[in-house]
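K.L.:
For reference, this is upload-v1.json, and it has JSON, C-alpha atoms.
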[["chain", "number", "residue", "atom", "x", "y", "z"],
["A", 1, "MET", "CA", -4.86, -5.60, 23.32],
["A", 2, "ASP", "CA", -8.64, -5.66, 23.72],
["A", 3, "LEU", "CA", -8.90, -2.14, 22.30],
["A", 4, "LEU", "CA", -6.74, -3.13, 19.34],
["A", 5, "MET", "CA", -8.93, -6.13, 18.61],
["A", 6, "GLU", "CA", -12.10, -4.07, 19.04],
["A", 7, "TYR", "CA", -10.97, -1.71, 16.27],
["A", 8, "LYS", "CA", -9.16, -4.25, 14.07],
["A", 9, "TRP", "CA", -11.36, -3.64, 11.00],
["A", 10, "VAL", "CA", -10.96, 0.12, 11.32],
["A", 11, "LEU", "CA", -7.19, -0.37, 11.56],
["A", 12, "LEU", "CA", -7.18, -2.62, 8.48],
["A", 13, "VAL", "CA", -9.21, -0.16, 6.42],
["A", 14, "GLY", "CA", -7.03, 2.70, 7.68],
["A", 15, "ALA", "CA", -3.84, 0.86, 6.78],
["A", 16, "GLU", "CA", -5.19, 0.12, 3.30],
["A", 17, "ALA", "CA", -6.20, 3.76, 2.84],
["A", 18, "TRP", "CA", -2.74, 4.80, 4.01],
["A", 19, "PHE", "CA", -1.28, 2.45, 1.38],
["A", 20, "TRP", "CA", -3.10, 4.39, -1.36],
["A", 21, "VAL", "CA", -2.00, 7.75, 0.04],
["A", 22, "LEU", "CA", 1.61, 6.55, 0.16],
["A", 23, "SER", "CA", 1.36, 5.11, -3.36],
["A", 24, "GLY", "CA", 0.00, 8.38, -4.71],
["A", 25, "ALA", "CA", 2.76, 10.34, -2.96],
["A", 26, "PHE", "CA", 5.36, 7.94, -4.37],
["A", 27, "LEU", "CA", 4.13, 8.44, -7.94],
["A", 28, "VAL", "CA", 3.75, 12.21, -7.64],
["A", 29, "LEU", "CA", 7.21, 12.64, -6.13],
["A", 30, "ARG", "CA", 8.83, 10.34, -8.65],
["A", 31, "TYR", "CA", 7.33, 11.70, -11.85],
["A", 32, "TRP", "CA", 5.72, 15.06, -11.26],
["A", 33, "ALA", "CA", 8.30, 16.50, -8.87],
["A", 34, "GLY", "CA", 11.25, 14.45, -10.16],
["A", 35, "LEU", "CA", 12.34, 13.57, -6.62],
["A", 36, "VAL", "CA", 13.35, 9.98, -7.24],
["A", 37, "ARG", "CA", 15.39, 9.56, -4.05],
["A", 38, "LEU", "CA", 12.60, 10.91, -1.86],
["A", 39, "SER", "CA", 10.10, 8.65, -3.61],
["A", 40, "VAL", "CA", 12.15, 5.65, -2.45],
["A", 41, "VAL", "CA", 11.34, 6.65, 1.14],
["A", 42, "PHE", "CA", 7.65, 6.34, 0.28],
["A", 43, "LEU", "CA", 8.28, 2.96, -1.32],
["A", 44, "ILE", "CA", 9.84, 1.81, 1.96],
["A", 45, "LEU", "CA", 6.81, 3.19, 3.84],
["A", 46, "ILE", "CA", 4.53, 1.19, 1.51],
["A", 47, "VAL", "CA", 6.39, -2.00, 2.43],
["A", 48, "ALA", "CA", 6.18, -1.07, 6.13],
["A", 49, "ASP", "CA", 2.43, -0.50, 5.76],
["A", 50, "ASN", "CA", 2.03, -4.00, 4.33],
["A", 51, "LEU", "CA", 4.03, -5.38, 7.25],
["A", 52, "VAL", "CA", 1.64, -3.59, 9.63],
["A", 53, "ILE", "CA", -1.29, -5.25, 7.86],
["A", 54, "LEU", "CA", 0.42, -8.63, 8.20],
["A", 55, "GLY", "CA", 1.10, -7.89, 11.86],
["A", 56, "LEU", "CA", -2.58, -7.11, 12.46],
["A", 57, "GLY", "CA", -3.49, -10.51, 11.07],
["A", 58, "VAL", "CA", -0.92, -12.31, 13.19],
["A", 59, "LEU", "CA", -1.99, -10.44, 16.34],
["A", 60, "ASP", "CA", -5.62, -11.25, 15.69],
["A", 61, "TYR", "CA", -4.80, -14.92, 15.21],
["A", 62, "LEU", "CA", -2.79, -14.98, 18.42],
["A", 63, "TYR", "CA", -5.60, -13.22, 20.26],
["A", 64, "THR", "CA", -8.49, -15.35, 18.96],
["A", 65, "GLY", "CA", -6.70, -18.61, 18.24],
["A", 66, "GLU", "CA", -8.67, -19.11, 15.04],
["A", 67, "PHE", "CA", -8.31, -18.33, 11.38],
["A", 68, "ALA", "CA", -11.43, -16.32, 10.56],
["A", 69, "THR", "CA", -12.80, -13.71, 8.15],
["A", 70, "TYR", "CA", -10.32, -11.06, 9.31],
["A", 71, "GLN", "CA", -7.31, -13.19, 8.42],
["A", 72, "PHE", "CA", -8.89, -14.15, 5.09],
["A", 73, "ALA", "CA", -9.35, -10.46, 4.27],
["A", 74, "ILE", "CA", -5.74, -9.72, 5.16],
["A", 75, "ALA", "CA", -4.51, -12.74, 3.20],
["A", 76, "ALA", "CA", -6.51, -11.53, 0.17],
["A", 77, "VAL", "CA", -5.07, -8.02, 0.41],
["A", 78, "LEU", "CA", -1.50, -9.26, 0.78],
["A", 79, "LEU", "CA", -1.86, -12.00, -1.83],
["A", 80, "TYR", "CA", -3.17, -9.48, -4.35],
["A", 81, "GLY", "CA", -0.29, -7.16, -3.47],
["A", 82, "VAL", "CA", 2.42, -9.72, -4.16],
["A", 83, "THR", "CA", 0.79, -11.18, -7.29],
["A", 84, "LEU", "CA", -1.53, -9.11, -9.46],
["A", 85, "GLY", "CA", -0.89, -5.92, -7.50],
["A", 86, "LYS", "CA", 2.77, -5.81, -8.52],
["A", 87, "ARG", "CA", 1.80, -6.01, -12.18],
["A", 88, "ASP", "CA", -1.01, -3.48, -11.82],
["A", 89, "PHE", "CA", 1.25, -1.05, -9.97],
["A", 90, "ALA", "CA", 3.97, -1.44, -12.61],
["A", 91, "ARG", "CA", 1.39, -0.70, -15.34],
["A", 92, "LEU", "CA", 0.14, 2.36, -13.45],
["A", 93, "ASP", "CA", 3.73, 3.47, -12.89],
["A", 94, "ALA", "CA", 4.58, 3.17, -16.59],
["A", 95, "TYR", "CA", 1.36, 4.92, -17.63],
["A", 96, "LEU", "CA", 1.93, 7.87, -15.31],
["A", 97, "LYS", "CA", 5.56, 8.13, -16.31],
["A", 98, "ARG", "CA", 4.53, 8.32, -19.97],
["A", 99, "LYS", "CA", 1.65, 10.77, -19.43],
["A", 100, "ILE", "CA", 3.51, 13.11, -17.09],
["A", 101, "THR", "CA", 6.58, 13.13, -19.35],
["A", 102, "GLN", "CA", 4.34, 14.03, -22.32],
["A", 103, "ARG", "CA", 2.61, 16.75, -20.35],
["A", 104, "LYS", "CA", 5.87, 18.26, -19.13],
["A", 105, "ARG", "CA", 7.19, 18.31, -22.71],
["A", 106, "SER", "CA", 4.07, 20.06, -24.00],
["A", 107, "VAL", "CA", 4.25, 22.71, -21.23],
["A", 108, "SER", "CA", 7.94, 23.43, -21.86]]
The structure given in the file should be rewritten as structure tokens.

P.N.:
Amino acid sequence: MDLLMEYKWVLLVGAEAWFWVLSGAFLVLRYWAGLVRLSVVFLILIVADNLVILGLGVLDYLYTGEFATYQFAIAAVLLYGVTLGKRDFARLDAYLKRKITQRKRSVS
């Protein structure tokens, strides 16, 4: 547990970076490759990644016994994800769907 707490910020940044990789893969698979069913797997992985981030915050709280900067950072990430992030992701999703569909039509 000490090792986990020593690298908690690295784990948080890594989990957030992994979120963006998974999101990119989701969008590419869904619209560029047309693999809608496979993209759902990446959507599930995105949710699991957010649960890992939540788990890191809970573990840190249990380990330290205090609500500090680390938990505030995690709360901000997760709060954004369930509020503004949903809208932003939906806008990005619609934009890419439109642009990729136009590009595929022009290539055909």

K.L.:
I'd like the neighbourhood of region 94-105 of chain A as a list in words, where a residue qualifies if any of its atoms comes within 10 Å (using only C-alpha atoms), though same-chain residues fewer than 6 positions away should be ignored.

P.N.:
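The neighbour list is Leu27, Val28, Arg30, Tyr31, Trp32 and Asp88 of chain A.
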
K.L.:
Nearest residue to Gly14 (chain A) out of A:Thr64, A:Gln71, A:Asn50, A:Ser106, using only C-alpha atoms?

P.N.:
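Looking at the shortest contact to Gly14 (chain A), the residue is A:Asn50.
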
K.L.:
Select, from A:Ile44, A:Ala68, A:Val10, A:Leu54, the residue with the minimum atom-to-atom distance to Ser23 (chain A), counting only C-alpha atoms.

P.N.:
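Among A:Ile44, A:Ala68, A:Val10, A:Leu54, it is A:Ile44 that comes nearest to Ser23 (chain A).
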
K.L.:
What is the CA of Ile53 (chain A)-CA of Val36 (chain A) distance in Å, reported with one decimal?

P.N.:
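One can read the CA of Ile53 (chain A) to CA of Val36 (chain A) distance as 26.0 Å.
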
K.L.:
Would you kindly return, as a list of chain:residue names, each protein, DNA or RNA residue with an atom no farther than 7 Å from any atom of Ala15 (chain A), considering only C-alpha atoms and excluding same-chain residues fewer than 4 positions away?

P.N.:
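Contacts, in chain order: A:Leu11, A:Phe19, A:Asp49, A:Ile53.
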
K.L.:
Looking at all atoms listed in the file, which of A:Gly81, A:Ala33, A:Phe72, A:Glu66 is the one that sits closest to Val47 (chain A)?

P.N.:
A:Gly81

K.L.:
How far is it from CA of Ser39 (chain A) to CA of Phe26 (chain A), in Å with one decimal?

P.N.:
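Distance between the two atoms: 4.9 Å.
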